Number of protein chains: 2
Amino acid sequence: MDRVQLFEQIKKKQSYLCVGLDSDIDKIPKHLLDKEDPVFEFNKAIIDSTKEFAVAYKPNIAFYECRGSEGWDSLKRTIEYIKKTAPEVFTIADAKRGDIGNTSKMYAKSFFENMNFDSITVAPYMGSDSIGPFLEYPGKWAIILALTSNQGASDFQTNKTAFGESMVRLGIRIGINTPLYETVLSKAQEWGTTDNIMFVVGATQASFISNVRSVAPDHFLLVPGVGAQGGSLEDISIAGLNSHCGLLINSSRGIIFASQNEDFADIAAQKAKELQLQMAQLLKDKELI
Amino acid sequence: MDRVQLFEQIKKKQSYLCVGLDSDIDKIPKHLLDKEDPVFEFNKAIIDSTKEFAVAYKPNIAFYECRGSEGWDSLKRTIEYIKKTAPEVFTIADAKRGDIGNTSKMYAKSFFENMNFDSITVAPYMGSDSIGPFLEYPGKWAIILALTSNQGASDFQTNKTAFGESMVRLGIRIGINTPLYETVLSKAQEWGTTDNIMFVVGATQASFISNVRSVAPDHFLLVPGVGAQGGSLEDISIAGLNSHCGLLINSSRGIIFASQNEDFADIAAQKAKELQLQMAQLLKDKELI
């Protein structure tokens with residue numbers, strides 16, 4: 001799927017909502033536990049009830065991997081089900097992989113060939129050859145961590161380096177004290193295009209999104225952290241929307257675990273629709289639809 | 001396993017060799033392919049023939065994951081086999097995981113509870129709370145990427161930042177222009193101890209090892225890149241050995257695929273023994289044994 005096709009779907013559904021399938025077997029409704037594959041049954045119901053409002057699904061791979069081979073089977077069934085019943089939807093393997101070239105190639109094979117995901121989240125620390133193998137698949141995307149929404153993001157991602165601090169102590173300010181996440185945003189643009197690279201940008205502060213837009217104006221951004229992790233949909237959208245929408249905003253727990261009773265799928269649909277309606281208005285305000 | 005126990009094993013075997021189980025199903029000897037679980041049979045034979053010379057085994061998770069649930073079964077059988085037949089050996093899940101706290105927790109559960117690995121490799125980009133969950137298990141280790149051996153390592157890990165370059169242009173040198181990997185080495189030492197944190201340091205240049213030792217004198221370093229990826233065992237050992245040995249040097253393809261015929265296990269043993277003998281001499285030179 002390329003950027004134009006993704007934008008077409010966004011305009012049609014009036015939504016840039018990604019539903020995170022963090023389908024923790026300990027949190028899904030209890031009445032599903034006697035099914036043969038409870039996690040798949042849960043995902044199936046969530047997908048059926050939210051696919052009208054969502055343009056993307058993002059299974060968080062850790063929640064499948066921690067169940068070993070059974071978990072991998074649930075994941076495989078889930079991606080196959082999405083491809084069958086909602087083929088227009090963009091799929092994201094939230095795996096945060098990244099290794100030397102010949103190993104990243106195996107990860108790309110896992111998620112792009114064996115499971116037909118449209119994209120995978122990847123960590124940038126190991127540089128170009130750790131990302132390259134994911135960019136060799138036409139129509140597939142690497143979604144590179146830039147600025148994440150967790151507390152530890154300030155350990156390295158926003159690090160101004162000891163150098164910067166000493167410059168301030170010396171009373172010198174030159175204005176080119178680039179935080180690491182901006183270096184990642186700039187450098188990664190050399191590796192691919194706006195049709196195969198997106199960036200993960202946490203939604204803890206809308207000011208960061210504006211800053212990211214000044215470095216990466218045209219790329220799609222995958223934004224976690226709206227809702228449970230904080231961050232206002234409106235502020236982020238005003239700062240982040242571009243001419244192709246350019247945003248996928250993820251909500252996981254706020255949708256899939258809004259109810260843990262038998263009505264979970266209906267409540268999930270309701271929560272997804274609420275976000276979709278806000279997104280429709282924001283797209284209209286921006287004259288994108 | 002703590003640092004002292006690991007050092008005891010090193011002294012006993014006169015070796016700090018880690019054998020990388022990058023057991024690519026397309027590269028294992030053809031005569032194994034009619035077995036029920038060819039990759040497990042391959043690993044079993046490699047383990048039986050090299051456990052006398054190796055203090056650690058490191059399955060590269062990508063090579064298992066790319067075979068879906070079958071691959072996970074091979075991995076699980078492999079770790080169970082190591083724990084049964086060579087319980088003294090240190091086991092490393094080379095997974096390079098790292099995510100927000102509640103997700104890293106699931107990864108920790110996968111590798112430490114479900115599969116009983118002693119350690120896992122992790123990427124530092126997301127900072128402290130992405131690593132923390134791995135440090136909560138007594139006797140288990142997080143092995144944090146610092147300086148890797150691939151080409152892309154120079155994209156961010158050794159990055160001196162734009163600031164540093166401009167300082168040089170201005171003719172100012174203060175000597176605190178810290179590359180990212182050194183910041184990782186310093187910062188990560190605040191999160192754990194020499195009994196639960198190791199660092200991955202690539203072996204492309206021994207001078208880097210000396211530099212790492214000045215920042216992290218006491219930690220164990222997992223060193224890939226000897227052999228196929230370049231780097232001299234002797235130079236690296238001279239620069240890297242500390243009072244507790246402090247090195248695990250990995251060789252994967254150079255051992256496990258040294259022969260792809262029926263004699264593969266014998267040839268693997270021979271290659272492992274060659275490295276072990278060199279290591280024994282280096283340990284003696286350093287008066288560690």
# chains A, B, ... in the order shown; residues from 1 in each chain; ligands from 1

$ closest_atom_pairs --of "chain A" --to "chain B" --cutoff "8 Å" --atoms "only C-alpha atoms" --output "tab-separated table"
residue	atom	partner	partner_atom	distance
A:Ala62	CA	B:Tyr107	CA	5.6
A:Phe63	CA	B:Met106	CA	6.3
A:Glu65	CA	B:Ser110	CA	6.6
A:Cys66	CA	B:Ser110	CA	4.3
A:Arg67	CA	B:Ser110	CA	7.2
A:Gly68	CA	B:Trp72	CA	6.3
A:Ser69	CA	B:Ser69	CA	4.1
A:Glu70	CA	B:Ser69	CA	6.9
A:Gly71	CA	B:Ser69	CA	8.0
A:Trp72	CA	B:Ser69	CA	5.4
A:Asp73	CA	B:Ser69	CA	6.3
A:Lys96	CA	B:Arg97	CA	6.9
A:Arg97	CA	B:Arg97	CA	6.6
A:Gly98	CA	B:Lys96	CA	7.0
A:Asp99	CA	B:Lys96	CA	7.1
A:Ile100	CA	B:Asn150	CA	6.0
A:Gly101	CA	B:Asn150	CA	7.9
A:Thr103	CA	B:Ala62	CA	6.2
A:Ser104	CA	B:Ala62	CA	7.6
A:Met106	CA	B:Ala62	CA	5.7
A:Tyr107	CA	B:Ala62	CA	5.6
A:Lys109	CA	B:Cys66	CA	6.3
A:Ser110	CA	B:Cys66	CA	4.3
A:Phe111	CA	B:Cys66	CA	7.9
A:Asn114	CA	B:Cys66	CA	7.4
A:Ala123	CA	B:Tyr125	CA	7.1
A:Pro124	CA	B:Tyr125	CA	7.6
A:Tyr125	CA	B:Tyr125	CA	6.3
A:Met126	CA	B:Ala153	CA	5.3
A:Gly127	CA	B:Gly152	CA	4.0
A:Ser128	CA	B:Gly152	CA	4.9
A:Asp129	CA	B:Gly152	CA	5.5
A:Ser130	CA	B:Gly152	CA	7.0
A:Thr148	CA	B:Met126	CA	6.9
A:Asn150	CA	B:Ile100	CA	6.0
A:Gln151	CA	B:Asp129	CA	6.8
A:Gly152	CA	B:Gly127	CA	4.0
A:Ala153	CA	B:Met126	CA	5.3
A:Ser154	CA	B:Gly127	CA	7.3
A:Asp155	CA	B:Gly127	CA	5.2
A:Phe156	CA	B:Tyr125	CA	6.5
A:Gln157	CA	B:Tyr125	CA	6.9
A:Thr161	CA	B:Thr178	CA	7.0
A:Ala162	CA	B:Ile176	CA	6.7
A:Phe163	CA	B:Asn177	CA	5.6
A:Gly164	CA	B:Phe163	CA	7.1
A:Ile176	CA	B:Phe163	CA	6.2
A:Asn177	CA	B:Phe163	CA	5.5
A:Thr178	CA	B:Ala162	CA	6.7
A:Val184	CA	B:Phe156	CA	7.7
A:Lys187	CA	B:Asp155	CA	7.8

$ select_by_dssp --residues "region 26-268 of chain B" --states "strand (DSSP E)" --output "PyMOL selection string"
chain B and resi 56-59+90-97+119-122+141-147+197-201+221-223+247-251

$ write_last_selection --atoms "N, CA and C atoms" --output "compact mmCIF listing (two decimals), in the first residue's frame"
# COMPACT_ATOMS: atom_id res chain seq x y z
N ALA B 56 28.74 -20.18 26.77
CA ALA B 56 27.44 -19.56 26.49
C ALA B 56 26.92 -19.98 25.12
N TYR B 57 25.59 -20.04 25.02
CA TYR B 57 24.94 -20.23 23.72
C TYR B 57 24.00 -19.06 23.47
N LYS B 58 23.96 -18.63 22.22
CA LYS B 58 23.16 -17.46 21.87
C LYS B 58 22.32 -17.71 20.63
N PRO B 59 21.11 -18.25 20.81
CA PRO B 59 20.22 -18.36 19.65
C PRO B 59 19.82 -16.97 19.15
N PHE B 90 25.69 -20.40 30.18
CA PHE B 90 24.94 -19.14 30.18
C PHE B 90 24.18 -19.04 28.85
N THR B 91 22.90 -18.70 28.93
CA THR B 91 22.11 -18.67 27.69
C THR B 91 21.63 -17.25 27.38
N ILE B 92 21.73 -16.90 26.11
CA ILE B 92 21.42 -15.54 25.67
C ILE B 92 20.37 -15.59 24.56
N ALA B 93 19.23 -14.94 24.79
CA ALA B 93 18.24 -14.79 23.72
C ALA B 93 18.63 -13.55 22.94
N ASP B 94 19.15 -13.74 21.74
CA ASP B 94 19.58 -12.57 20.97
C ASP B 94 18.38 -12.03 20.22
N ALA B 95 17.64 -11.18 20.92
CA ALA B 95 16.31 -10.76 20.44
C ALA B 95 16.26 -9.27 20.17
N LYS B 96 17.16 -8.52 20.78
CA LYS B 96 17.23 -7.06 20.60
C LYS B 96 15.86 -6.40 20.77
N ARG B 97 15.16 -6.79 21.84
CA ARG B 97 13.85 -6.23 22.12
C ARG B 97 13.98 -4.90 22.86
N SER B 119 19.51 -14.52 29.88
CA SER B 119 19.71 -13.14 29.47
C SER B 119 19.04 -12.88 28.13
N ILE B 120 18.91 -11.60 27.81
CA ILE B 120 18.35 -11.20 26.52
C ILE B 120 19.07 -9.95 26.06
N THR B 121 19.32 -9.85 24.76
CA THR B 121 19.87 -8.60 24.23
C THR B 121 18.74 -7.60 24.04
N VAL B 122 19.02 -6.34 24.40
CA VAL B 122 17.98 -5.29 24.32
C VAL B 122 18.55 -4.03 23.68
N TRP B 141 19.82 -11.35 33.20
CA TRP B 141 20.60 -10.21 32.70
C TRP B 141 19.95 -9.54 31.49
N ALA B 142 20.16 -8.23 31.40
CA ALA B 142 19.87 -7.50 30.15
C ALA B 142 21.21 -7.19 29.51
N ILE B 143 21.35 -7.51 28.24
CA ILE B 143 22.59 -7.23 27.52
C ILE B 143 22.29 -6.11 26.53
N ILE B 144 22.76 -4.92 26.88
CA ILE B 144 22.32 -3.71 26.18
C ILE B 144 23.24 -3.39 25.00
N LEU B 145 22.64 -3.13 23.84
CA LEU B 145 23.43 -2.72 22.67
C LEU B 145 24.14 -1.42 22.99
N ALA B 146 25.44 -1.39 22.82
CA ALA B 146 26.19 -0.14 22.99
C ALA B 146 26.77 0.20 21.61
N LEU B 147 27.78 -0.56 21.22
CA LEU B 147 28.43 -0.30 19.94
C LEU B 147 28.38 -1.59 19.13
N ILE B 197 23.68 -6.45 34.21
CA ILE B 197 23.81 -5.73 32.93
C ILE B 197 25.13 -6.10 32.27
N MET B 198 25.05 -6.43 30.98
CA MET B 198 26.23 -6.55 30.12
C MET B 198 26.01 -5.60 28.95
N PHE B 199 27.04 -5.42 28.14
CA PHE B 199 26.92 -4.58 26.96
C PHE B 199 27.36 -5.33 25.71
N VAL B 200 26.68 -5.07 24.60
CA VAL B 200 27.14 -5.58 23.31
C VAL B 200 28.13 -4.56 22.74
N VAL B 201 29.31 -5.03 22.46
CA VAL B 201 30.33 -4.16 21.86
C VAL B 201 30.95 -4.90 20.69
N LEU B 221 31.23 -7.81 28.63
CA LEU B 221 30.91 -7.37 27.28
C LEU B 221 30.65 -8.59 26.41
N LEU B 222 29.56 -8.54 25.67
CA LEU B 222 29.29 -9.58 24.68
C LEU B 222 29.81 -9.05 23.35
N VAL B 223 30.79 -9.75 22.79
CA VAL B 223 31.47 -9.24 21.61
C VAL B 223 31.17 -10.11 20.39
N LEU B 247 34.56 -10.81 29.35
CA LEU B 247 34.28 -10.93 27.91
C LEU B 247 33.54 -12.22 27.62
N LEU B 248 32.56 -12.12 26.74
CA LEU B 248 32.00 -13.31 26.09
C LEU B 248 32.16 -13.03 24.61
N ILE B 249 32.95 -13.85 23.96
CA ILE B 249 33.20 -13.59 22.54
C ILE B 249 32.40 -14.60 21.72
N ASN B 250 31.60 -14.05 20.84
CA ASN B 250 30.67 -14.89 20.07
C ASN B 250 31.22 -15.27 18.71
N SER B 251 31.00 -16.51 18.36
CA SER B 251 31.21 -16.93 16.98
C SER B 251 30.00 -17.76 16.57

$ residues_around --residues "Leu282 (chain A)" --least-positions-apart "4" --cutoff "12 Å" --atoms "only C-alpha atoms" --output "ChimeraX atom specification"
/A:11,14-16,233-242,245,247,275-278,286-289

$ write_last_selection --atoms "C-alpha atoms" --output "compact mmCIF listing (two decimals), in the first residue's frame"
# COMPACT_ATOMS: atom_id res chain seq x y z
CA LYS A 11 -10.76 10.21 3.19
CA GLN A 14 -13.03 10.10 7.51
CA SER A 15 -10.66 8.63 10.03
CA TYR A 16 -6.97 8.24 10.78
CA LEU A 233 -6.19 14.41 19.85
CA GLU A 234 -7.04 17.96 18.81
CA ASP A 235 -3.66 19.53 19.64
CA ILE A 236 -1.75 16.71 18.01
CA SER A 237 -3.89 16.81 14.89
CA ILE A 238 -3.59 20.59 14.47
CA ALA A 239 0.20 20.29 14.78
CA GLY A 240 0.58 17.12 12.75
CA LEU A 241 -1.90 16.96 9.87
CA ASN A 242 -0.32 17.54 6.44
CA CYS A 245 -3.26 13.59 6.42
CA LEU A 247 -1.10 10.91 10.85
CA LEU A 275 -12.59 9.16 17.92
CA GLN A 276 -13.56 8.80 14.27
CA LEU A 277 -16.12 11.58 14.58
CA GLN A 278 -13.57 13.92 16.14
CA LYS A 286 -8.00 21.19 7.59
CA GLU A 287 -10.00 20.96 4.30
CA LEU A 288 -8.70 17.47 3.61
CA ILE A 289 -12.20 16.06 3.10

$ atom_distance --atom1 "CA of Ile28 (chain B)" --atom2 "CA of Ile255 (chain B)"
12.2 Å

$ residues_around --residues "Arg3 (chain B)" --least-positions-apart "3" --cutoff "8 Å" --atoms "only C-alpha atoms" --output "ChimeraX atom specification"
/B:6-7,194-195,244

$ write_last_selection --atoms "C-alpha atoms" --output "mmCIF file, in the first residue's frame"
data_model
loop_
_atom_site.group_PDB
_atom_site.id
_atom_site.type_symbol
_atom_site.label_atom_id
_atom_site.label_comp_id
_atom_site.auth_asym_id
_atom_site.auth_seq_id
_atom_site.Cartn_x
_atom_site.Cartn_y
_atom_site.Cartn_z
ATOM 1 C CA LEU B 6 29.920 -17.103 35.229
ATOM 2 C CA PHE B 7 33.599 -16.452 35.967
ATOM 3 C CA THR B 194 27.643 -5.713 37.053
ATOM 4 C CA ASP B 195 25.523 -8.736 38.009
ATOM 5 C CA HIS B 244 36.484 -11.316 36.118
#

$ select_by_dssp --residues "region 22-165 of chain B" --states "helix (DSSP H, G or I)" --output "number ranges by chain"
B: 30-32, 38-50, 62-65, 68-85, 101-114, 128-135, 153-156, 161-165
